[in-house]
$ cat my_file21.txt   # compact mmCIF, C-alpha atoms
# COMPACT_ATOMS: atom_id res chain seq x y z
CA MET A 835 0.00 0.00 0.00
CA THR A 836 1.35 3.37 -0.91
CA LYS A 837 0.99 6.52 1.09
CA ARG A 838 -1.56 7.64 -1.44
CA ASP A 839 -3.81 4.84 -0.27
CA LEU A 840 -3.87 5.65 3.40
CA PRO A 841 -7.13 4.71 5.14
CA ASN A 842 -8.11 8.32 5.60
CA SER A 843 -8.28 8.82 1.88
CA SER A 844 -10.84 11.16 0.54
CA PRO A 845 -12.22 9.66 -2.65
CA ALA A 846 -14.46 12.61 -3.38
CA SER A 847 -11.50 14.92 -3.80
CA GLY A 848 -9.27 12.28 -5.36
CA MET A 849 -6.57 12.93 -2.78
CA SER A 850 -5.86 11.22 0.50
CA LEU A 851 -4.91 13.14 3.60
CA GLY A 852 -1.63 11.23 3.54
CA ARG A 853 -0.78 12.53 0.09
CA PHE A 854 -1.91 15.99 1.14
CA ALA A 855 0.51 15.83 4.07
CA GLU A 856 3.34 14.72 1.78
CA LEU A 857 2.74 17.60 -0.58
CA ALA A 858 2.40 20.17 2.19
CA GLN A 859 5.59 18.92 3.81
CA ALA A 860 7.47 19.05 0.52
CA TYR A 861 6.09 22.10 -1.26
CA GLY A 862 4.76 24.11 1.67
CA GLY A 863 1.44 25.81 2.21
CA ASP A 864 1.21 27.72 -1.05
CA PHE A 865 -0.72 25.70 -3.62
CA GLU A 866 1.07 27.54 -6.41
CA ARG A 867 4.15 25.45 -5.63
CA TRP A 868 2.27 22.16 -5.68
CA PRO A 869 2.33 19.94 -8.76
CA GLU A 870 -0.29 21.27 -11.13
CA ALA A 871 -1.96 17.90 -11.53
CA GLU A 872 -2.65 17.66 -7.79
CA ARG A 873 -3.22 21.30 -6.96
CA TYR A 874 -6.96 21.41 -7.30
CA SER A 875 -7.52 18.15 -5.46
CA GLY A 876 -5.50 19.65 -2.64
CA ILE A 877 -7.51 22.86 -2.59
CA SER A 878 -10.69 20.83 -2.58
CA LEU A 879 -9.53 18.68 0.34
CA ALA A 880 -8.41 21.73 2.32
CA GLY A 881 -11.89 23.16 1.92
CA ARG A 882 -13.44 20.12 3.56
CA SER A 883 -10.88 18.81 6.03
CA GLU A 884 -9.87 20.47 9.27
CA GLU A 885 -6.80 18.22 9.44
CA ALA A 886 -5.73 19.33 5.98
CA ARG A 887 -6.07 22.96 7.01
CA THR A 888 -3.95 22.31 10.10
CA LEU A 889 -1.24 20.76 7.93
CA LEU A 890 -1.44 23.74 5.64
CA ALA A 891 -1.15 26.23 8.51
CA GLU A 892 1.97 24.45 9.80
CA ALA A 893 3.50 24.61 6.35
CA HIS A 894 2.59 28.30 6.05
CA GLY A 895 4.53 29.04 9.25
CA LEU A 896 7.75 27.80 7.71
CA ASP A 897 6.93 29.46 4.38
CA TYR A 898 6.61 32.74 6.19
CA LEU A 899 9.98 32.34 7.86
CA LEU A 900 11.59 31.42 4.55
CA SER A 901 10.14 34.59 3.07
CA ARG A 902 12.33 36.47 5.56
CA PHE A 903 15.45 35.09 3.90
CA GLY A 904 15.83 38.44 2.17
CA ALA A 905 16.15 39.62 -1.39
CA PRO A 906 19.10 38.47 -3.45
CA PRO A 907 21.59 41.03 -4.75
CA ALA A 908 21.11 42.45 -8.22
CA PRO A 909 23.93 41.75 -10.69
CA SER A 910 26.60 44.39 -10.39
CA ASP A 911 27.55 46.45 -13.43
CA ALA A 912 30.93 44.71 -13.40
CA LEU A 913 29.31 41.27 -13.58
CA VAL A 914 26.98 42.33 -16.38
CA GLU A 915 29.96 43.69 -18.27
CA ARG A 916 31.97 40.50 -17.71
CA VAL A 917 29.13 38.31 -18.96
CA THR A 918 28.28 40.50 -21.92
CA ALA A 919 31.93 40.64 -22.94
CA LEU A 920 31.99 36.83 -23.25
CA GLU A 921 30.21 37.06 -26.57
CA ARG A 922 32.87 39.29 -28.12
CA ASP A 923 35.78 37.58 -26.47
CA PRO A 924 35.13 34.27 -24.72
CA ALA A 925 38.67 34.30 -23.44
CA SER A 926 37.84 37.46 -21.51
CA ALA A 927 36.25 35.44 -18.75
CA VAL A 928 37.96 36.41 -15.55
CA GLU A 929 39.46 33.31 -14.13
CA VAL A 930 37.31 32.34 -11.21
CA SER A 931 38.95 31.17 -8.05
CA SER A 932 37.84 27.71 -7.08
CA PRO A 933 37.98 26.46 -3.54
CA ALA A 934 38.73 23.10 -5.10
CA GLY A 935 42.19 24.28 -5.99
CA ARG A 936 44.76 22.11 -4.29
CA THR A 937 47.29 24.41 -2.76
CA PRO A 938 50.94 23.42 -2.72
CA PHE A 939 50.89 23.68 1.06
CA ARG A 940 48.00 21.28 1.27
CA ALA A 941 49.71 18.83 -1.05
CA MET A 942 52.87 19.14 1.02
CA ARG A 943 50.94 18.45 4.21
CA SER A 944 49.31 15.39 2.68
CA ASN A 945 52.59 14.08 1.42
CA ALA A 946 54.21 14.76 4.78
CA LEU A 947 51.54 12.67 6.48
CA THR A 948 52.03 9.81 4.07
CA VAL A 949 55.79 9.89 4.52
CA SER A 950 55.38 10.09 8.29
CA VAL A 951 53.13 7.03 8.42
CA VAL A 952 55.40 5.00 6.17
CA LEU A 953 58.53 5.92 8.10
CA ASN A 954 56.92 5.13 11.41
CA LEU A 955 55.69 1.79 10.16
CA PHE A 956 59.20 1.05 9.01
CA LEU A 957 60.54 2.05 12.42
CA ALA A 958 57.97 -0.11 14.14
CA ALA A 959 58.97 -3.07 12.03
CA ALA A 960 62.66 -2.46 12.74
CA LEU A 961 62.08 -2.30 16.49
CA GLY A 962 59.67 -5.14 16.71
CA GLY A 963 60.97 -7.44 14.04
CA VAL A 964 58.88 -8.48 11.18
CA TRP A 965 55.75 -10.10 12.42
CA ILE A 966 53.90 -12.44 10.26
CA GLY A 967 50.63 -12.75 12.09
CA SER A 968 49.18 -16.11 12.87
CA GLY A 969 47.28 -16.49 16.08
CA THR A 970 47.12 -13.73 18.66
CA ALA A 971 49.06 -10.55 18.25
CA PRO A 972 51.51 -9.99 21.05
CA GLY A 973 52.01 -6.66 22.81
CA THR A 974 54.19 -4.83 20.37
CA ALA A 975 52.23 -5.89 17.38
CA SER A 976 49.08 -4.85 19.18
CA GLU A 977 50.49 -1.41 19.76
CA VAL A 978 51.39 -1.12 16.14
CA ALA A 979 48.05 -2.54 15.16
CA TYR A 980 46.26 -0.02 17.36
CA GLY A 981 48.28 2.76 15.78
CA LEU A 982 47.34 1.51 12.37
CA ALA A 983 43.76 1.22 13.50
CA ASP A 984 43.84 4.87 14.53
CA VAL A 985 45.04 5.90 11.13
CA GLN A 986 42.50 3.65 9.48
CA ALA A 987 39.78 4.99 11.75
CA THR A 988 40.63 8.51 10.66
CA LEU A 989 40.42 7.48 7.06
CA SER A 990 37.27 5.50 7.75
CA ASP A 991 35.57 8.53 9.33
CA GLN A 992 36.35 10.56 6.26
CA ASP A 993 35.13 7.73 4.13
CA GLU A 994 31.85 7.57 5.99
CA ALA A 995 31.37 11.31 5.73
CA GLU A 996 31.98 11.13 2.00
CA ALA A 997 29.73 8.13 1.69
CA ALA A 998 26.99 9.97 3.57
CA LEU A 999 27.44 12.88 1.22
CA GLY A 1000 27.26 10.48 -1.70
CA GLU A 1001 24.03 9.05 -0.34
CA GLU A 1002 22.65 12.54 0.00
CA LEU A 1003 23.59 13.27 -3.57
CA GLY A 1004 22.38 9.96 -4.83
CA THR A 1005 25.74 9.24 -6.38
CA PRO A 1006 28.75 7.46 -4.97
CA VAL A 1007 31.49 9.86 -4.06
CA PRO A 1008 35.03 8.59 -4.31
CA MET A 1009 37.03 9.21 -1.22
CA ASP A 1010 39.62 11.91 -1.44
CA PRO A 1011 42.81 10.29 -0.09
CA ASP A 1012 44.18 13.74 0.66
CA PHE A 1013 41.30 14.62 2.93
CA VAL A 1014 43.14 13.99 6.17
CA GLU A 1015 43.58 16.97 8.39
CA PHE A 1016 47.15 17.13 9.56
CA ASP A 1017 48.40 19.40 12.26
CA SER A 1018 52.15 19.63 12.02
CA ASP A 1019 52.35 21.03 15.56
CA ALA A 1020 50.42 18.22 17.18
CA PRO A 1021 52.33 15.40 18.90
CA ASP A 1022 52.73 12.48 16.62
CA ASP A 1023 51.25 9.54 18.50
CA PHE A 1024 52.52 7.27 15.85
CA ASP A 1025 56.14 8.14 16.57
CA ILE A 1026 57.13 5.11 18.66
CA ALA A 1027 60.36 6.77 19.76
CA SER A 1028 58.29 9.32 21.66
CA TRP A 1029 56.31 6.69 23.61
CA PRO A 1030 56.97 6.37 27.37
CA ASP A 1031 59.53 3.72 28.29
CA ALA A 1032 56.90 1.49 29.83
CA GLU A 1033 55.05 1.47 26.58
CA GLN A 1034 58.04 0.94 24.33
CA PRO A 1035 57.57 -2.14 22.23
CA SER A 1036 59.33 -5.27 23.36
CA ILE A 1037 60.89 -7.60 20.89
CA GLY A 1038 60.12 -10.74 22.80
CA GLY A 1039 57.13 -12.66 21.71
CA ILE A 1040 57.16 -11.41 18.19
CA SER A 1041 57.95 -13.96 15.63
CA SER A 1042 60.43 -12.83 13.10
CA ILE A 1043 61.69 -14.29 9.96
CA MET B 1304 31.47 42.10 -47.97
CA GLU B 1305 30.05 40.26 -44.99
CA PRO B 1306 26.42 41.19 -44.28
CA ALA B 1307 25.85 43.15 -41.09
CA ARG B 1308 24.61 40.95 -38.29
CA GLN B 1309 21.19 41.93 -37.16
CA GLN B 1310 20.68 42.96 -33.58
CA PRO B 1311 18.32 40.61 -31.73
CA ALA B 1312 14.83 41.89 -31.19
CA ALA B 1313 13.66 42.27 -27.62
CA GLU B 1314 10.90 39.72 -28.16
CA GLU B 1315 13.25 37.10 -29.60
CA THR B 1316 12.78 33.75 -27.87
CA ASP B 1317 15.48 32.33 -25.66
CA ASP B 1318 16.09 29.51 -28.08
CA GLY B 1319 16.39 31.98 -30.94
CA LEU B 1320 18.88 34.05 -28.99
CA VAL B 1321 21.01 31.02 -28.16
CA LEU B 1322 21.11 30.11 -31.85
CA ARG B 1323 22.10 33.69 -32.64
CA LEU B 1324 24.75 33.45 -29.97
CA ALA B 1325 26.15 30.42 -31.74
CA ASP B 1326 26.19 32.42 -34.97
CA GLY B 1327 28.13 35.21 -33.31
CA CYS B 1328 25.24 37.65 -33.23
CA ASP B 1329 26.29 40.82 -31.48
CA GLY B 1330 23.98 41.60 -28.61
CA ALA B 1331 22.51 38.13 -28.04
CA MET B 1332 24.47 37.62 -24.84
CA ALA B 1333 23.45 41.04 -23.54
CA THR B 1334 19.78 40.21 -24.06
CA LEU B 1335 20.13 36.75 -22.54
CA SER B 1336 22.02 38.01 -19.52
CA GLY B 1337 19.46 40.77 -19.05
CA ARG B 1338 16.76 38.11 -18.85
CA HIS B 1339 18.49 35.43 -16.84
CA LEU B 1340 21.53 36.75 -15.01
CA PRO B 1341 19.50 37.99 -12.01
CA SER B 1342 17.92 34.60 -11.33
CA VAL B 1343 21.19 32.73 -11.92
CA LEU B 1344 22.94 35.06 -9.48
CA ALA B 1345 20.09 34.78 -6.96
CA CYS B 1346 20.19 31.00 -7.14
CA GLY B 1347 23.94 30.95 -6.56
CA TRP B 1348 23.75 33.46 -3.74
CA ARG B 1349 21.07 31.50 -1.89
CA ILE B 1350 22.95 28.25 -2.20
CA LEU B 1351 26.43 29.58 -1.50
CA GLY B 1352 25.63 32.47 0.83
CA ASP B 1353 28.39 34.52 -0.70
CA ARG B 1354 27.97 37.20 -3.33
CA ALA B 1355 31.45 37.03 -4.82
CA GLU B 1356 31.26 33.27 -5.23
CA ALA B 1357 27.75 33.54 -6.64
CA GLU B 1358 29.04 36.03 -9.23
CA ASP B 1359 31.81 33.62 -10.18
CA VAL B 1360 29.25 30.87 -10.61
CA ALA B 1361 26.99 33.14 -12.65
CA GLN B 1362 29.83 34.03 -14.99
CA GLU B 1363 30.89 30.41 -15.34
CA THR B 1364 27.28 29.46 -16.11
CA PHE B 1365 27.22 31.85 -19.05
CA VAL B 1366 30.63 30.63 -20.21
CA ARG B 1367 29.09 27.15 -20.33
CA LEU B 1368 26.14 28.54 -22.28
CA LEU B 1369 28.51 30.04 -24.83
CA ARG B 1370 30.19 26.65 -25.26
CA LYS B 1371 26.85 24.87 -25.44
CA ALA B 1372 25.28 27.28 -27.94
CA PRO B 1373 26.52 25.59 -31.17
CA GLU B 1374 24.82 22.34 -30.19
CA TRP B 1375 21.77 23.87 -28.50
CA ARG B 1376 18.58 21.91 -29.08
CA THR B 1377 15.39 23.87 -29.27
CA ASP B 1378 13.42 20.80 -28.22
CA GLY B 1379 15.47 20.42 -25.05
CA PRO B 1380 14.90 21.97 -21.63
CA ALA B 1381 13.96 25.62 -21.40
CA LEU B 1382 16.98 27.90 -21.21
CA ARG B 1383 16.14 29.12 -17.71
CA SER B 1384 15.94 25.54 -16.44
CA TRP B 1385 19.21 24.70 -18.16
CA LEU B 1386 21.00 27.74 -16.73
CA LEU B 1387 19.78 27.13 -13.19
CA ARG B 1388 20.67 23.45 -13.45
CA VAL B 1389 24.22 24.35 -14.47
CA ALA B 1390 24.45 27.02 -11.78
CA THR B 1391 23.10 24.68 -9.11
CA ASN B 1392 25.59 21.99 -9.95
CA LEU B 1393 28.46 24.48 -10.03
CA CYS B 1394 27.35 25.64 -6.58
CA ILE B 1395 27.22 22.10 -5.24
CA ASP B 1396 30.69 21.43 -6.63
CA ARG B 1397 31.95 24.55 -4.88
CA ARG B 1398 30.28 23.67 -1.61
CA ARG B 1399 31.80 20.23 -1.64
CA ALA B 1400 35.21 21.58 -2.52
CA ARG B 1401 34.90 24.22 0.17
CA ALA B 1402 33.85 21.61 2.71
CA ARG B 1403 37.02 19.66 1.97
CA LEU B 1404 39.20 22.68 2.59
CA ALA B 1405 37.26 24.25 5.45
CA PRO B 1406 34.86 21.80 7.05
CA MET B 1407 31.50 23.05 8.30
CA PRO B 1408 30.25 25.12 9.99
CA GLU B 1409 30.85 27.81 7.47
CA ASN B 1410 29.27 30.22 5.14
CA ILE B 1411 26.36 31.85 6.87
CA ASP B 1412 28.50 34.64 8.24
CA ARG B 1413 29.36 35.50 4.67
CA PHE B 1414 25.92 37.01 4.21
CA GLU B 1415 26.45 40.70 4.30
CA ASP B 1416 23.97 41.84 6.92
CA ARG B 1417 25.87 41.29 10.13
CA GLU B 1418 27.93 44.42 10.15
CA ASN B 1419 25.23 46.39 11.92
CA GLY B 1420 26.33 45.21 15.34
CA SER B 1421 23.35 44.23 17.45
CA LEU B 1422 20.70 42.39 15.55
CA ASP B 1423 17.14 43.57 15.91
CA ASP B 1424 14.37 41.00 15.83
CA ASP B 1425 13.82 41.19 12.11
CA LEU B 1426 17.49 40.83 11.37
CA ALA B 1427 17.81 38.07 13.96
CA ILE B 1428 15.09 36.08 12.21
CA ARG B 1429 16.69 36.64 8.84
CA HIS B 1430 20.02 35.55 10.20
CA ALA B 1431 18.48 32.45 11.81
CA VAL B 1432 16.71 31.53 8.57
CA ARG B 1433 19.83 31.96 6.48
CA LYS B 1434 21.89 30.02 8.95
CA ALA B 1435 19.37 27.18 8.99
CA VAL B 1436 19.22 27.05 5.19
CA ALA B 1437 23.01 27.17 4.93
CA ALA B 1438 23.25 24.20 7.30
CA LEU B 1439 21.12 21.97 5.07
CA PRO B 1440 22.85 19.22 3.11
CA ASP B 1441 23.70 20.38 -0.40
CA ARG B 1442 20.99 18.64 -2.36
CA GLN B 1443 18.28 19.49 0.16
CA ARG B 1444 19.28 23.13 0.02
CA ALA B 1445 19.48 23.10 -3.77
CA ALA B 1446 16.01 21.55 -4.05
CA LEU B 1447 14.62 24.09 -1.60
CA VAL B 1448 16.21 27.03 -3.42
CA LEU B 1449 14.98 25.84 -6.81
CA VAL B 1450 11.42 25.11 -5.77
CA HIS B 1451 10.75 27.58 -2.99
CA PHE B 1452 12.74 30.58 -4.17
CA GLN B 1453 13.24 30.15 -7.91
CA GLY B 1454 9.74 28.93 -8.67
CA PHE B 1455 10.73 25.62 -10.21
CA SER B 1456 8.13 22.87 -10.31
CA GLY B 1457 9.06 19.59 -8.67
CA GLN B 1458 9.57 18.14 -12.13
CA GLU B 1459 11.89 20.96 -13.22
CA ALA B 1460 13.89 20.65 -10.01
CA ALA B 1461 14.12 16.91 -10.58
CA SER B 1462 15.53 17.51 -14.04
CA ALA B 1463 17.99 20.09 -12.70
CA LEU B 1464 19.23 17.78 -9.98
CA GLY B 1465 19.20 14.64 -12.10
CA VAL B 1466 16.79 12.76 -9.84
CA SER B 1467 13.15 11.68 -9.94
CA THR B 1468 10.28 13.93 -8.90
CA GLU B 1469 9.68 11.62 -5.93
CA ALA B 1470 13.29 12.10 -4.87
CA VAL B 1471 12.87 15.88 -5.07
CA GLU B 1472 9.78 15.67 -2.88
CA SER B 1473 11.76 13.62 -0.41
CA LEU B 1474 14.64 16.15 -0.45
CA LEU B 1475 12.18 18.99 0.06
CA ALA B 1476 10.34 17.25 2.87
CA ARG B 1477 13.59 16.44 4.67
CA ALA B 1478 14.82 19.99 4.19
CA ARG B 1479 11.63 21.49 5.57
CA ARG B 1480 11.54 19.02 8.48
CA ARG B 1481 15.05 20.01 9.41
CA LEU B 1482 14.30 23.70 9.04
CA ARG B 1483 11.17 23.38 11.15
CA LYS B 1484 13.19 21.73 13.88
CA THR B 1485 15.95 24.33 13.74
CA LEU B 1486 13.58 27.26 13.54
CA SER B 1487 10.93 25.96 15.93
CA PRO B 1488 11.43 28.78 18.49
CA HIS B 1489 10.77 31.35 15.77
CA ILE B 1490 7.77 29.42 14.47
CA GLU B 1491 6.30 29.26 17.98
CA ASN B 1492 6.84 32.99 18.44
CA LEU B 1493 5.20 33.58 15.12
CA LEU B 1494 2.15 31.53 16.05
CA GLU B 1495 1.89 33.31 19.40
CA VAL B 1496 1.97 36.69 17.73
CA ARG B 1497 -0.69 35.62 15.25
CA SER B 1498 -2.97 34.16 17.94
$ encode --input "my_file21.txt" --output "structure tokens"
Amino acid sequence: MTKRDLPNSSPASGMSLGRFAELAQAYGGDFERWPEAERYSGISLAGRSEEARTLLAEAHGLDYLLSRFGAPPAPSDALVERVTALERDPASAVEVSSPAGRTPFRAMRSNALTVSVVLNLFLAAALGGVWIGSGTAPGTASEVAYGLADVQATLSDQDEAEAALGEELGTPVPMDPDFVEFDSDAPDDFDIASWPDAEQPSIGGISSI
Amino acid sequence: MEPARQQPAAEETDDGLVLRLADGCDGAMATLSGRHLPSVLACGWRILGDRAEAEDVAQETFVRLLRKAPEWRTDGPALRSWLLRVATNLCIDRRRARARLAPMPENIDRFEDRENGSLDDDLAIRHAVRKAVAALPDRQRAALVLVHFQGFSGQEAASALGVSTEAVESLLARARRRLRKTLSPHIENLLEVRS
């Protein structure tokens, strides 16, 4: 059963209260915004149903607030000139700045993070021996694994955010591998050399080749 | 000698003007921008909350029109729908790019009406409304701007956003639900004043 077939349908008007609610919640209280094919059924139902009028009044409240958004700016003379000039000289378009531009600093930060993770992994392997996991991970490997998990969790959070955005957009959004905030001044938890002595990895218990 | 190109008449249709634009008719762009630049700019401003960025988007939209003109189909979407679709998608691209560089919360303070110091009630409501709209997810905000402010039908908005009409209704309903929740204190005040 669709929402259009809710029990409280109103056959005389051709529109159910459920559908009326959907339209009011989507298009608001002004019938001019409703789909033309359903507009008059909606008006008819509002004339006969107190519930429909209540739904409409609620929608009008939000419509009224949205009307306070304010008037948009008029195009400036400079913009009109820029657009009009396109016809005579398409190359005249002023290059627009895009926030998507990847700044060298940002690229450097991303690369620095990558290098940092790789170097620290290498250091962890050197200190702990090379562990080929089978069975339970001993202490050192766990520490390294937790560190890795932290990095992966950071990436995973970004991934989820992007995925949520993709869901919102209805299209899958590929994850941007550079989208990892990196604070060069923050302590690097992944730098094993900076760990307290008690937490320094021990070699014992780690199988090595 | 090359014949002089005729200036477009004021009553020339949009499609006719785009075809003239493709032919290099002097004045076609001026007429088209006179008709559509205000709504393209308004759409961008409402979605982005920033005049300078909205102007960039408006210009880029007309650059795209210039490129599209030679292959313009008169049986395709109306020019206004096409322009606002392009502008909306450029805005969404910008928002997403901006979110990557400077994660939310962001752009509401870019609206120009905060320099007056203390906000009176009217300005406070306007600020709250703009802030609530700016906080909507991109597609919800785009659907709301197209349908509520730009006068698009659900079907036109669906075409602009590349989704079904049902999906647009869902985006609109979610947007309005979220706005109602965010703005509930103002709605209650409003109802009290009216009653």
$ residues_around --input "my_file21.txt" --residues "stretch 1338-1348 of chain B" --least-positions-apart "5" --cutoff "7 Å" --atoms "all atoms listed in the file" --output "list in words"
Pro906, Pro907, Ala908 and Pro909 of chain A; Asp1353, Arg1354, Ala1357, Glu1358, Val1360, Ala1361, Arg1383, Leu1386, Leu1387, Ala1390, Thr1391, Cys1394 and Val1448 of chain B
$ residues_near_point --input "my_file21.txt" --point "(17.8, 30.5, 6.2)" --cutoff "10 Å" --atoms "all atoms listed in the file" --output "ChimeraX atom specification"
/A:899-904 /B:1349,1352,1411,1428-1439,1444,1482,1485-1486
$ closest_residue --input "my_file21.txt" --among "B:Ser1462, B:Ser1384, B:Thr1377, B:Ser1467" --to "chain A" --atoms "only C-alpha atoms"
B:Ser1467
$ atom_distance --input "my_file21.txt" --atom1 "atom CA of A:Asp897" --atom2 "atom CA of B:Pro1488"
14.8 Å
$ residues_around --input "my_file21.txt" --residues "B:Thr1468" --least-positions-apart "5" --cutoff "9 Å" --atoms "all atoms listed in the file" --output "PyMOL selection string"
chain B and resi 1457-1462+1473
$ atom_distance --input "my_file21.txt" --atom1 "atom CA of A:Gly863" --atom2 "atom CA of A:Leu890"
4.9 Å
$ axis_aligned_box --input "my_file21.txt" --around "stretch 1442-1457 of chain B" --padding-each-side "3 Å" --output "lines of an AutoDock Vina configuration file"
center_x = 14.6
center_y = 24.6
center_z = -5.1
size_x = 18.9
size_y = 17.9
size_z = 16.5
$ closest_residue --input "my_file21.txt" --among "A:Gly881, A:Gly876, A:Pro869, A:Gly848" --to "chain B" --atoms "all atoms listed in the file"
A:Pro869
$ atom_distance --input "my_file21.txt" --atom1 "atom CA of B:Val1471" --atom2 "atom CA of B:Ala1400"
23.2 Å
